[in-house]
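This is work-v2.cif. It holds mmCIF, C-alpha atoms.
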data_coords
loop_
_atom_site.label_atom_id
_atom_site.label_comp_id
_atom_site.auth_asym_id
_atom_site.auth_seq_id
_atom_site.Cartn_x
_atom_site.Cartn_y
_atom_site.Cartn_z
CA MET F 1 -47.86 -25.43 -32.85
CA TYR F 2 -47.31 -29.01 -33.92
CA LEU F 3 -44.07 -29.39 -35.85
CA ARG F 4 -43.15 -32.06 -38.32
CA LYS F 5 -41.17 -34.94 -36.91
CA GLU F 6 -37.98 -34.02 -38.83
CA TYR F 7 -38.08 -30.48 -37.41
CA LYS F 8 -38.57 -31.79 -33.91
CA ILE F 9 -35.54 -34.04 -34.22
CA PHE F 10 -33.54 -31.16 -35.71
CA PHE F 11 -34.42 -28.75 -32.86
CA LEU F 12 -33.76 -31.43 -30.25
CA LEU F 13 -30.37 -32.12 -31.83
CA VAL F 14 -29.48 -28.40 -31.92
CA PHE F 15 -30.56 -28.09 -28.28
CA PHE F 16 -28.37 -31.00 -27.14
CA ILE F 17 -25.39 -29.81 -29.20
CA PHE F 18 -25.75 -26.36 -27.59
CA ILE F 19 -25.90 -27.88 -24.08
CA PHE F 20 -22.89 -30.12 -24.85
CA ILE F 21 -20.78 -27.18 -26.14
CA PHE F 22 -21.76 -25.06 -23.14
CA PHE F 23 -20.69 -27.66 -20.58
CA TYR F 24 -17.64 -28.74 -22.58
CA LEU F 25 -16.32 -25.17 -22.79
CA SER F 26 -16.98 -24.55 -19.11
CA LEU F 27 -14.57 -27.41 -18.34
CA PHE F 28 -11.73 -25.21 -19.59
CA THR F 29 -12.59 -21.92 -17.93
CA LYS F 30 -9.87 -20.79 -15.57
CA LYS F 31 -10.70 -20.57 -11.88
CA LYS F 32 -11.12 -16.93 -10.94
CA PHE F 33 -10.20 -15.70 -7.49
CA GLU F 34 -12.15 -12.49 -8.06
CA PRO F 35 -9.23 -10.41 -6.81
CA ARG F 36 -11.07 -7.16 -7.38
CA ILE F 37 -14.09 -8.01 -5.25
CA VAL F 38 -12.85 -5.92 -2.30
CA VAL F 39 -11.94 -2.95 -4.49
CA GLY F 40 -14.41 -0.20 -3.59
CA ASN F 41 -15.01 -1.58 -0.10
CA GLU F 42 -14.15 0.33 3.03
CA MET F 43 -10.84 -0.78 4.53
CA PRO F 44 -11.40 -2.62 7.83
CA ASN F 45 -9.63 -0.88 10.69
CA LEU F 46 -7.30 -3.80 11.41
CA THR F 47 -5.98 -3.98 14.96
CA SER F 48 -3.13 -6.14 16.18
CA SER F 49 0.14 -6.08 18.10
CA THR F 50 3.17 -4.77 16.25
CA LEU F 51 6.31 -6.68 15.33
CA PHE F 52 8.91 -4.43 16.90
CA ASN F 53 7.33 -3.16 20.12
CA ASP F 54 4.38 -5.47 20.88
CA GLN F 55 2.13 -2.43 21.03
CA ASN F 56 -1.55 -2.88 20.12
CA LEU F 57 -2.24 -0.59 17.15
CA SER F 58 -5.02 -0.08 14.62
CA LEU F 59 -4.58 1.21 11.07
CA LYS F 60 -6.26 4.49 11.98
CA ASP F 61 -3.62 5.02 14.69
CA ILE F 62 -0.92 4.86 12.02
CA VAL F 63 -2.42 6.72 9.04
CA ASN F 64 -4.39 9.89 8.86
CA ASN F 65 -6.36 10.99 5.77
CA GLU F 66 -3.70 9.92 3.29
CA VAL F 67 -3.15 7.40 0.53
CA PHE F 68 -1.33 4.36 1.94
CA VAL F 69 -0.41 0.81 1.05
CA VAL F 70 -1.04 -2.39 3.01
CA ASN F 71 1.25 -5.29 2.16
CA ILE F 72 0.90 -8.86 3.43
CA PHE F 73 4.32 -10.54 3.68
CA ALA F 74 6.26 -13.30 5.40
CA SER F 75 9.95 -14.14 5.68
CA TRP F 76 9.27 -17.67 4.35
CA CYS F 77 7.55 -16.35 1.21
CA ALA F 78 9.85 -16.36 -1.85
CA PRO F 79 7.76 -13.93 -4.01
CA CYS F 80 7.94 -11.44 -1.11
CA LYS F 81 11.68 -11.18 -1.70
CA ILE F 82 11.06 -10.43 -5.39
CA GLU F 83 8.66 -7.58 -4.62
CA HIS F 84 10.71 -6.10 -1.77
CA PRO F 85 12.72 -3.59 -3.94
CA PHE F 86 9.40 -2.25 -5.26
CA LEU F 87 8.15 -1.68 -1.72
CA ILE F 88 11.35 0.26 -1.00
CA LYS F 89 10.62 2.39 -4.11
CA ILE F 90 7.12 3.18 -2.77
CA LYS F 91 8.55 4.09 0.63
CA ASN F 92 11.06 6.43 -1.07
CA LYS F 93 8.13 8.23 -2.69
CA ASN F 94 6.90 9.11 0.82
CA ILE F 95 3.92 6.79 0.82
CA LYS F 96 3.29 4.90 4.05
CA ILE F 97 3.31 1.11 3.83
CA ILE F 98 1.72 -0.91 6.58
CA GLY F 99 3.01 -4.47 6.73
CA ILE F 100 0.92 -7.44 7.78
CA ASN F 101 3.34 -10.14 8.88
CA TYR F 102 1.52 -13.34 7.95
CA LYS F 103 2.00 -16.51 10.04
CA ASP F 104 5.67 -15.85 10.61
CA ASN F 105 8.27 -16.36 13.27
CA LYS F 106 9.03 -12.93 14.80
CA GLN F 107 12.80 -13.45 14.81
CA ASN F 108 12.79 -14.59 11.18
CA ALA F 109 10.68 -11.58 10.19
CA LYS F 110 13.13 -9.21 11.92
CA LYS F 111 16.10 -10.90 10.22
CA PHE F 112 14.33 -10.65 6.85
CA LEU F 113 13.80 -6.90 7.29
CA LYS F 114 17.37 -6.38 8.47
CA LYS F 115 18.68 -8.18 5.39
CA TYR F 116 16.41 -6.55 2.78
CA GLN F 117 15.67 -3.17 4.52
CA ASN F 118 12.44 -2.22 6.24
CA PRO F 119 9.99 -0.35 3.97
CA TYR F 120 7.15 -0.47 6.51
CA GLN F 121 5.88 2.37 8.64
CA GLU F 122 4.48 -0.20 11.06
CA ILE F 123 4.05 -3.96 11.00
CA LEU F 124 0.98 -5.68 12.41
CA LEU F 125 1.25 -9.34 13.35
CA ASP F 126 -1.17 -11.84 11.84
CA GLN F 127 -0.28 -15.09 13.58
CA LYS F 128 -3.53 -16.93 12.78
CA GLY F 129 -4.24 -15.44 9.36
CA THR F 130 -7.46 -13.77 10.53
CA LEU F 131 -6.34 -10.23 9.63
CA SER F 132 -5.77 -11.40 6.07
CA ILE F 133 -9.24 -12.94 5.91
CA ASN F 134 -10.66 -9.63 7.17
CA LEU F 135 -8.93 -8.05 4.19
CA GLY F 136 -10.27 -10.62 1.74
CA ALA F 137 -6.80 -12.00 0.99
CA PHE F 138 -5.88 -15.43 -0.39
CA GLY F 139 -2.26 -15.68 0.79
CA VAL F 140 1.09 -13.93 0.52
CA PRO F 141 2.16 -11.58 -0.94
CA GLU F 142 -0.86 -9.35 -1.45
CA THR F 143 -0.92 -5.59 -1.64
CA PHE F 144 -3.77 -3.12 -1.20
CA VAL F 145 -3.89 0.61 -1.92
CA ILE F 146 -6.20 2.67 0.28
CA ASP F 147 -7.27 6.21 -0.51
CA LYS F 148 -7.79 9.21 1.77
CA ASN F 149 -11.38 8.14 2.47
CA PHE F 150 -10.22 4.72 3.72
CA ILE F 151 -11.56 2.95 0.61
CA ILE F 152 -9.62 0.11 -1.04
CA VAL F 153 -8.87 1.38 -4.55
CA GLU F 154 -6.40 -1.23 -5.81
CA LYS F 155 -5.41 -4.76 -4.98
CA GLN F 156 -2.68 -7.01 -6.30
CA ILE F 157 -2.30 -10.72 -5.70
CA GLY F 158 1.35 -11.74 -6.05
CA PRO F 159 4.45 -9.56 -6.28
CA ILE F 160 3.99 -5.91 -7.18
CA ASN F 161 5.88 -4.25 -10.06
CA ASP F 162 6.62 -0.84 -11.58
CA GLU F 163 3.15 -0.68 -13.13
CA PHE F 164 1.62 -1.04 -9.68
CA ILE F 165 3.86 1.74 -8.35
CA LYS F 166 2.65 4.00 -11.17
CA LYS F 167 -0.95 3.36 -10.11
CA VAL F 168 -0.11 4.15 -6.48
CA LEU F 169 1.63 7.39 -7.45
CA SER F 170 -1.29 8.46 -9.64
CA LEU F 171 -3.56 8.21 -6.58
CA LYS F 172 -1.31 10.24 -4.31
CA MET K 173 -18.57 -29.73 46.83
CA LYS K 174 -15.19 -28.57 45.54
CA TYR K 175 -15.05 -31.51 43.12
CA LEU K 176 -18.62 -30.88 41.97
CA ILE K 177 -17.78 -27.26 41.09
CA LEU K 178 -14.60 -28.40 39.32
CA PHE K 179 -16.58 -31.01 37.39
CA LEU K 180 -19.19 -28.40 36.37
CA ILE K 181 -16.50 -25.95 35.19
CA ILE K 182 -14.79 -28.65 33.09
CA PHE K 183 -18.13 -29.92 31.76
CA LEU K 184 -19.39 -26.46 30.79
CA ASN K 185 -16.05 -25.55 29.18
CA ASN K 186 -16.08 -28.75 27.16
CA SER K 187 -19.65 -28.32 26.02
CA ASN K 188 -18.85 -24.75 24.89
CA ALA K 189 -15.80 -25.99 22.99
CA ASP K 190 -17.87 -28.78 21.42
CA GLU K 191 -20.55 -26.32 20.35
CA MET K 192 -17.92 -24.08 18.76
CA GLU K 193 -16.40 -27.04 16.91
CA ILE K 194 -19.81 -28.15 15.65
CA ARG K 195 -20.72 -24.65 14.47
CA THR K 196 -17.30 -24.16 12.85
CA SER K 197 -17.54 -27.45 10.96
CA ASN K 198 -21.15 -26.73 9.90
CA ILE K 199 -20.21 -23.30 8.56
CA THR K 200 -16.97 -24.39 6.88
CA LYS K 201 -18.73 -27.29 5.13
CA ASN K 202 -20.79 -24.66 3.31
CA LEU K 203 -17.74 -22.66 2.23
CA ARG K 204 -15.75 -23.37 -0.92
CA CYS K 205 -11.96 -23.42 -0.61
CA LEU K 206 -11.10 -20.90 -3.33
CA VAL K 207 -7.52 -22.05 -3.80
CA CYS K 208 -8.25 -25.78 -3.93
CA GLU K 209 -9.88 -27.99 -6.56
CA GLY K 210 -13.41 -28.96 -5.56
CA GLN K 211 -12.88 -29.01 -1.80
CA SER K 212 -14.75 -27.30 0.97
CA VAL K 213 -12.93 -25.21 3.57
CA TYR K 214 -13.79 -27.98 6.06
CA GLU K 215 -12.01 -30.66 4.01
CA SER K 216 -8.95 -28.65 3.03
CA ASN K 217 -5.76 -28.07 4.98
CA SER K 218 -4.45 -25.31 2.70
CA ASN K 219 -3.28 -22.09 4.35
CA PHE K 220 -6.35 -20.29 3.04
CA ALA K 221 -8.75 -22.91 4.46
CA VAL K 222 -6.98 -22.93 7.84
CA ASP K 223 -7.22 -19.10 7.96
CA ILE K 224 -10.93 -19.23 7.18
CA LYS K 225 -11.45 -21.84 9.93
CA ASN K 226 -9.59 -19.62 12.42
CA PHE K 227 -11.60 -16.61 11.28
CA VAL K 228 -14.92 -18.49 11.70
CA LYS K 229 -13.90 -19.60 15.21
CA MET K 230 -12.95 -16.02 16.09
CA GLU K 231 -16.27 -14.67 14.80
CA ILE K 232 -18.22 -17.35 16.72
CA SER K 233 -16.43 -16.36 19.92
CA ASN K 234 -17.35 -12.74 19.09
CA ASN K 235 -21.01 -13.88 19.19
CA LYS K 236 -21.58 -13.43 15.45
CA THR K 237 -24.47 -15.38 13.90
CA ASP K 238 -23.91 -17.84 11.04
CA ASP K 239 -25.60 -15.44 8.60
CA GLU K 240 -23.35 -12.58 9.65
CA ILE K 241 -20.27 -14.76 9.06
CA TYR K 242 -21.52 -15.90 5.62
CA ASP K 243 -22.40 -12.30 4.69
CA PHE K 244 -18.99 -10.98 5.62
CA LEU K 245 -17.16 -13.69 3.68
CA ARG K 246 -19.43 -13.17 0.66
CA LYS K 247 -18.63 -9.46 0.76
CA GLN K 248 -14.87 -10.14 0.89
CA TYR K 249 -14.62 -13.10 -1.50
CA GLY K 250 -17.75 -12.94 -3.63
CA GLU K 251 -20.61 -15.37 -4.12
CA THR K 252 -18.17 -18.12 -5.21
CA ILE K 253 -17.14 -18.80 -1.62
CA LEU K 254 -20.65 -20.07 -0.79
CA PHE K 255 -21.70 -23.54 -1.87
CA ASN K 256 -25.31 -22.39 -1.53
CA PRO K 257 -25.93 -19.38 -3.78
CA THR K 258 -27.92 -16.60 -2.19
CA PHE K 259 -31.48 -15.90 -3.25
CA SER K 260 -31.22 -12.74 -5.37
CA ILE K 261 -32.41 -11.30 -8.69
CA LYS K 262 -29.04 -12.23 -10.21
CA ASN K 263 -29.54 -15.85 -9.17
CA PHE K 264 -33.26 -15.96 -9.99
CA PHE K 265 -32.83 -18.28 -12.97
CA LEU K 266 -30.53 -20.57 -11.00
CA TRP K 267 -33.16 -21.06 -8.32
CA PHE K 268 -36.23 -21.29 -10.55
CA ALA K 269 -34.86 -23.07 -13.63
CA PRO K 270 -35.44 -26.59 -12.18
CA VAL K 271 -39.04 -25.70 -11.25
CA LEU K 272 -39.57 -24.06 -14.63
CA PHE K 273 -38.20 -27.07 -16.53
CA PHE K 274 -40.31 -29.39 -14.37
CA LEU K 275 -43.47 -27.40 -15.16
CA ILE K 276 -42.71 -27.24 -18.90
CA GLY K 277 -41.95 -30.98 -18.93
CA GLY K 278 -45.15 -31.74 -17.00
CA PHE K 279 -47.17 -29.55 -19.37
CA ILE K 280 -45.79 -31.32 -22.46
CA PHE K 281 -46.29 -34.72 -20.84
CA PHE K 282 -49.93 -34.14 -19.89
CA ARG K 283 -50.69 -32.52 -23.21
CA ARG K 284 -49.42 -35.55 -25.10
CA LEU K 285 -51.21 -37.85 -22.71
CA SER K 286 -54.55 -36.07 -23.21
CA ALA K 287 -54.00 -35.97 -27.01
CA LYS K 288 -53.79 -39.77 -27.01
#

For this file, produce the structure as C-alpha cells.
Amino acid sequence: MYLRKEYKIFFLLVFFIFIFIFFYLSLFTKKKFEPRIVVGNEMPNLTSSTLFNDQNLSLKDIVNNEVFVVNIFASWCAPCKIEHPFLIKIKNKNIKIIGINYKDNKQNAKKFLKKYQNPYQEILLDQKGTLSINLGAFGVPETFVIDKNFIIVEKQIGPINDEFIKKVLSLK
Amino acid sequence: MKYLILFLIIFLNNSNADEMEIRTSNITKNLRCLVCEGQSVYESNSNFAVDIKNFVKMEISNNKTDDEIYDFLRKQYGETILFNPTFSIKNFFLWFAPVLFFLIGGFIFFRRLSAK
C-alpha cells in the first residue's frame, strides 16, 4: 500500500500532466451546436398566420401523410439567396416546402419571392422568432425534412446543396 | 370609485408584467446562449438569445412552469443549453466527483494524521 517516495512523485507528476493535457486540449475543441439533436423528434405542429393571405394555418392543415421540407428564411439573409435555387429544385421534384419567414418585413419577403421565385407551398410568419425556437433552430437559413409519420429525419444549418436534395429524394 | 378601479387595474397589470419579467430573467440567466462565447441568454442580445427570451415569455403567458420550459429547451437544444446540468446517470460522475474527491482526500488526510 505504501509506495516509495520516488514512485509517489512519479505518479503525482503523471497525474498532473494528464490533467494539464486534458484541460489544454479542451481549450481547442470547437463549439458544437448539436444540430442533430432534434432529428428523431416529432415535428411540432407549428401554427401561425400566412404571408400572402393572413390566414391562420398549422402544418397539419398544409401537409397530409407525406414527406415535406420546412425551410426557415428571410429576405435580409444572404445565405438564403444562395440556397434558393436548391429549394426550387426540391419544389420541381413535387415535394412540398413550407417556409418559415423569420423576423422579416412582409413587403420585403414578397419582393424577395417575386425576384427569386416562390418555392413554398405555404409560408408561415415568425415575427418574434418563437416558431424557430419551437423547431430547435439557431437562425437562418435552416432546413428540416419531415417524414410521413411527422418525424424530423434530417436537419441542415446553413444553405442546402445537391447532397441535401439527394437525401430528401431518397426519403420520398 | 372610478379612479380606485382604474388604479387597481393599472397596479395589477404592472405587477403581472413585473412578475413575468422577473421569471423571464431568472430562467434566461440559467440558459446558455449557444451562438455566443460564454454568455447567458439573459446577457446576450444576439438574435438567438432574443428569440429564446421571446419564447420564454410566451411560455410563461401560456402558464408553463419553469421546469416545463427548461425541459422543452433541453429536448430541442440538448443539455448544453442549461448552465445547471440535469441529475441523470450520464451526469452521475459530474455531480458526485467533488464529493468523491473530498472523501478520498479526507481519508488520506486522516490516515496520515493517525499514522503520525

Residue IDs satisfying the PyMOL selection byres ((chain K) within 9 of (chain F)), as a list in words: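 Residues picked by the PyMOL selection byres ((chain K) within 9 of (chain F)): Leu206, Val207, Asn219, Phe220, Val222, Asp223, Ile224, Asn226, Phe227, Val228, Met230, Phe244, Leu245, Lys247, Gln248, Tyr249, Gly250 and Thr252 of chain K.
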
Closest of K:Tyr175, K:Phe274, K:Tyr242, K:Phe255 to Lys201 in chain K - atom-to-atom distances counting only C-alpha atoms: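 The shortest atom-to-atom distance to Lys201 in chain K comes from K:Phe255.
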
Top pick for closest residue to Lys155 in chain F, considering F:Thr29, F:Thr143, F:Asn71, F:Gln121 and counting only C-alpha atoms: F:Thr143

Care to translate the PyMOL selection byres ((chain K and resi 205) around 9) into actual residues of this file, as an mmCIF file with C-alpha atoms, keeping the file's coordinate frame?
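Just written: expr.cif:
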data_model
loop_
_atom_site.group_PDB
_atom_site.id
_atom_site.type_symbol
_atom_site.label_atom_id
_atom_site.label_comp_id
_atom_site.auth_asym_id
_atom_site.auth_seq_id
_atom_site.Cartn_x
_atom_site.Cartn_y
_atom_site.Cartn_z
ATOM 1 C CA LEU K 203 -17.740 -22.660 2.230
ATOM 2 C CA ARG K 204 -15.750 -23.370 -0.920
ATOM 3 C CA LEU K 206 -11.100 -20.900 -3.330
ATOM 4 C CA VAL K 207 -7.520 -22.050 -3.800
ATOM 5 C CA CYS K 208 -8.250 -25.780 -3.930
ATOM 6 C CA GLU K 209 -9.880 -27.990 -6.560
ATOM 7 C CA GLY K 210 -13.410 -28.960 -5.560
ATOM 8 C CA GLN K 211 -12.880 -29.010 -1.800
ATOM 9 C CA SER K 212 -14.750 -27.300 0.970
ATOM 10 C CA VAL K 213 -12.930 -25.210 3.570
ATOM 11 C CA TYR K 214 -13.790 -27.980 6.060
ATOM 12 C CA GLU K 215 -12.010 -30.660 4.010
ATOM 13 C CA SER K 216 -8.950 -28.650 3.030
ATOM 14 C CA SER K 218 -4.450 -25.310 2.700
ATOM 15 C CA PHE K 220 -6.350 -20.290 3.040
ATOM 16 C CA ALA K 221 -8.750 -22.910 4.460
ATOM 17 C CA ILE K 224 -10.930 -19.230 7.180
ATOM 18 C CA ILE K 253 -17.140 -18.800 -1.620
#

Which of F:Arg4, F:Lys60, F:Lys81, F:Lys93 sits closest to Lys115 in chain F [using all atoms listed in the file]: F:Lys81

Residue list as a PyMOL selection string for point (-0.5, -2.1, -0.9), cut-off 12 Å, all atoms listed in the file: chain F and resi 43+67-73+83-84+86-87+90-91+95-100+119-120+135+137+141-147+152-161+164-165+167-169

Write the residues of the selection above to a file with C-alpha atoms, as a tab-separated table (two decimals), in the frame of the given file.
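See part03.tsv below for the written result:
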chain	number	residue	atom	x	y	z
F	43	MET	CA	-10.84	-0.78	4.53
F	67	VAL	CA	-3.15	7.40	0.53
F	68	PHE	CA	-1.33	4.36	1.94
F	69	VAL	CA	-0.41	0.81	1.05
F	70	VAL	CA	-1.04	-2.39	3.01
F	71	ASN	CA	1.25	-5.29	2.16
F	72	ILE	CA	0.90	-8.86	3.43
F	73	PHE	CA	4.32	-10.54	3.68
F	83	GLU	CA	8.66	-7.58	-4.62
F	84	HIS	CA	10.71	-6.10	-1.77
F	86	PHE	CA	9.40	-2.25	-5.26
F	87	LEU	CA	8.15	-1.68	-1.72
F	90	ILE	CA	7.12	3.18	-2.77
F	91	LYS	CA	8.55	4.09	0.63
F	95	ILE	CA	3.92	6.79	0.82
F	96	LYS	CA	3.29	4.90	4.05
F	97	ILE	CA	3.31	1.11	3.83
F	98	ILE	CA	1.72	-0.91	6.58
F	99	GLY	CA	3.01	-4.47	6.73
F	100	ILE	CA	0.92	-7.44	7.78
F	119	PRO	CA	9.99	-0.35	3.97
F	120	TYR	CA	7.15	-0.47	6.51
F	135	LEU	CA	-8.93	-8.05	4.19
F	137	ALA	CA	-6.80	-12.00	0.99
F	141	PRO	CA	2.16	-11.58	-0.94
F	142	GLU	CA	-0.86	-9.35	-1.45
F	143	THR	CA	-0.92	-5.59	-1.64
F	144	PHE	CA	-3.77	-3.12	-1.20
F	145	VAL	CA	-3.89	0.61	-1.92
F	146	ILE	CA	-6.20	2.67	0.28
F	147	ASP	CA	-7.27	6.21	-0.51
F	152	ILE	CA	-9.62	0.11	-1.04
F	153	VAL	CA	-8.87	1.38	-4.55
F	154	GLU	CA	-6.40	-1.23	-5.81
F	155	LYS	CA	-5.41	-4.76	-4.98
F	156	GLN	CA	-2.68	-7.01	-6.30
F	157	ILE	CA	-2.30	-10.72	-5.70
F	158	GLY	CA	1.35	-11.74	-6.05
F	159	PRO	CA	4.45	-9.56	-6.28
F	160	ILE	CA	3.99	-5.91	-7.18
F	161	ASN	CA	5.88	-4.25	-10.06
F	164	PHE	CA	1.62	-1.04	-9.68
F	165	ILE	CA	3.86	1.74	-8.35
F	167	LYS	CA	-0.95	3.36	-10.11
F	168	VAL	CA	-0.11	4.15	-6.48
F	169	LEU	CA	1.63	7.39	-7.45

Lys111 in chain F surroundings by only C-alpha atoms, 12 Å radius, close-in-sequence under 4 positions cut, as a list in words: Leu51, Phe52, Ala74, Ser75, Trp76, Asp104, Asn105, Lys106, Gln107, Lys115, Tyr116, Gln117 and Asn118 of chain F

Pairwise distance for CA of Ser26 in chain F and CA of Phe10 in chain F, rounded to one decimal in Å: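 That distance, rounded to one decimal, is 24.4 Å.
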
Pick from F:Ile82, F:Leu171, F:Ala109, F:Ile17, whichever lies nearest to Glu66 in chain F using only C-alpha atoms: F:Leu171

One-decimal distance in Å that lies between CA of Leu57 in chain F and CA of Ile241 in chain K: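 About the pair CA of Ile241 in chain K and CA of Leu57 in chain F: they are 24.3 Å apart.
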
CA of Leu59 in chain F to CA of Asp126 in chain F, distance in Å rounded to a single decimal: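 These two atoms are separated by 13.5 Å.
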
Incomplete range 119-147 of chain F brought to N, CA and C atoms, written out as an mmCIF file, in the frame of the given file:
data_model
loop_
_atom_site.group_PDB
_atom_site.id
_atom_site.type_symbol
_atom_site.label_atom_id
_atom_site.label_comp_id
_atom_site.auth_asym_id
_atom_site.auth_seq_id
_atom_site.Cartn_x
_atom_site.Cartn_y
_atom_site.Cartn_z
ATOM 1 N N PRO F 119 10.740 -1.406 4.636
ATOM 2 C CA PRO F 119 9.990 -0.350 3.970
ATOM 3 C C PRO F 119 8.721 0.068 4.737
ATOM 4 N N TYR F 120 8.448 -0.636 5.829
ATOM 5 C CA TYR F 120 7.150 -0.470 6.510
ATOM 6 C C TYR F 120 7.173 0.616 7.579
ATOM 7 N N GLN F 121 6.087 1.375 7.599
ATOM 8 C CA GLN F 121 5.880 2.370 8.640
ATOM 9 C C GLN F 121 5.630 1.651 9.974
ATOM 10 N N GLU F 122 4.820 0.626 9.891
ATOM 11 C CA GLU F 122 4.480 -0.200 11.060
ATOM 12 C C GLU F 122 4.115 -1.586 10.566
ATOM 13 N N ILE F 123 4.358 -2.583 11.408
ATOM 14 C CA ILE F 123 4.050 -3.960 11.000
ATOM 15 C C ILE F 123 3.112 -4.601 12.019
ATOM 16 N N LEU F 124 1.943 -5.013 11.537
ATOM 17 C CA LEU F 124 0.980 -5.680 12.410
ATOM 18 C C LEU F 124 1.155 -7.193 12.262
ATOM 19 N N LEU F 125 1.060 -7.886 13.384
ATOM 20 C CA LEU F 125 1.250 -9.340 13.350
ATOM 21 C C LEU F 125 -0.072 -10.050 13.053
ATOM 22 N N ASP F 126 0.014 -11.036 12.162
ATOM 23 C CA ASP F 126 -1.170 -11.840 11.840
ATOM 24 C C ASP F 126 -0.803 -13.311 12.025
ATOM 25 N N GLN F 127 -0.764 -13.731 13.278
ATOM 26 C CA GLN F 127 -0.280 -15.090 13.580
ATOM 27 C C GLN F 127 -1.242 -16.181 13.120
ATOM 28 N N LYS F 128 -2.546 -15.884 13.142
ATOM 29 C CA LYS F 128 -3.530 -16.930 12.780
ATOM 30 C C LYS F 128 -4.126 -16.733 11.391
ATOM 31 N N GLY F 129 -3.732 -15.686 10.709
ATOM 32 C CA GLY F 129 -4.240 -15.440 9.360
ATOM 33 C C GLY F 129 -5.604 -14.766 9.328
ATOM 34 N N THR F 130 -6.116 -14.363 10.497
ATOM 35 C CA THR F 130 -7.460 -13.770 10.530
ATOM 36 C C THR F 130 -7.496 -12.329 10.008
ATOM 37 N N LEU F 131 -6.374 -11.600 10.178
ATOM 38 C CA LEU F 131 -6.340 -10.230 9.630
ATOM 39 C C LEU F 131 -6.446 -10.288 8.108
ATOM 40 N N SER F 132 -5.755 -11.257 7.534
ATOM 41 C CA SER F 132 -5.770 -11.400 6.070
ATOM 42 C C SER F 132 -7.168 -11.748 5.572
ATOM 43 N N ILE F 133 -7.874 -12.591 6.310
ATOM 44 C CA ILE F 133 -9.240 -12.940 5.910
ATOM 45 C C ILE F 133 -10.135 -11.710 6.010
ATOM 46 N N ASN F 134 -9.920 -10.892 7.040
ATOM 47 C CA ASN F 134 -10.660 -9.630 7.170
ATOM 48 C C ASN F 134 -10.454 -8.735 5.965
ATOM 49 N N LEU F 135 -9.267 -8.860 5.361
ATOM 50 C CA LEU F 135 -8.930 -8.050 4.190
ATOM 51 C C LEU F 135 -9.421 -8.681 2.886
ATOM 52 N N GLY F 136 -9.851 -9.922 2.954
ATOM 53 C CA GLY F 136 -10.270 -10.620 1.740
ATOM 54 C C GLY F 136 -9.082 -11.140 0.945
ATOM 55 N N ALA F 137 -8.016 -11.521 1.670
ATOM 56 C CA ALA F 137 -6.800 -12.000 0.990
ATOM 57 C C ALA F 137 -6.819 -13.514 0.823
ATOM 58 N N PHE F 138 -5.975 -13.988 -0.121
ATOM 59 C CA PHE F 138 -5.880 -15.430 -0.390
ATOM 60 C C PHE F 138 -4.567 -16.022 0.121
ATOM 61 N N GLY F 139 -3.566 -15.180 0.343
ATOM 62 C CA GLY F 139 -2.260 -15.680 0.790
ATOM 63 C C GLY F 139 -1.241 -14.564 0.769
ATOM 64 N N VAL F 140 0.019 -14.929 0.589
ATOM 65 C CA VAL F 140 1.090 -13.930 0.520
ATOM 66 C C VAL F 140 1.845 -14.042 -0.814
ATOM 67 N N PRO F 141 2.383 -12.964 -1.361
ATOM 68 C CA PRO F 141 2.160 -11.580 -0.940
ATOM 69 C C PRO F 141 0.886 -11.018 -1.580
ATOM 70 N N GLU F 142 0.279 -10.097 -0.892
ATOM 71 C CA GLU F 142 -0.860 -9.350 -1.450
ATOM 72 C C GLU F 142 -0.735 -7.906 -1.019
ATOM 73 N N THR F 143 -1.099 -7.015 -1.922
ATOM 74 C CA THR F 143 -0.920 -5.590 -1.640
ATOM 75 C C THR F 143 -2.196 -4.824 -1.952
ATOM 76 N N PHE F 144 -2.546 -3.917 -1.056
ATOM 77 C CA PHE F 144 -3.770 -3.120 -1.200
ATOM 78 C C PHE F 144 -3.385 -1.636 -1.169
ATOM 79 N N VAL F 145 -4.082 -0.839 -1.985
ATOM 80 C CA VAL F 145 -3.890 0.610 -1.920
ATOM 81 C C VAL F 145 -5.187 1.207 -1.373
ATOM 82 N N ILE F 146 -5.025 2.078 -0.379
ATOM 83 C CA ILE F 146 -6.200 2.670 0.280
ATOM 84 C C ILE F 146 -6.143 4.180 0.110
ATOM 85 N N ASP F 147 -7.280 4.759 -0.256
ATOM 86 C CA ASP F 147 -7.270 6.210 -0.510
ATOM 87 C C ASP F 147 -7.540 7.011 0.774
#
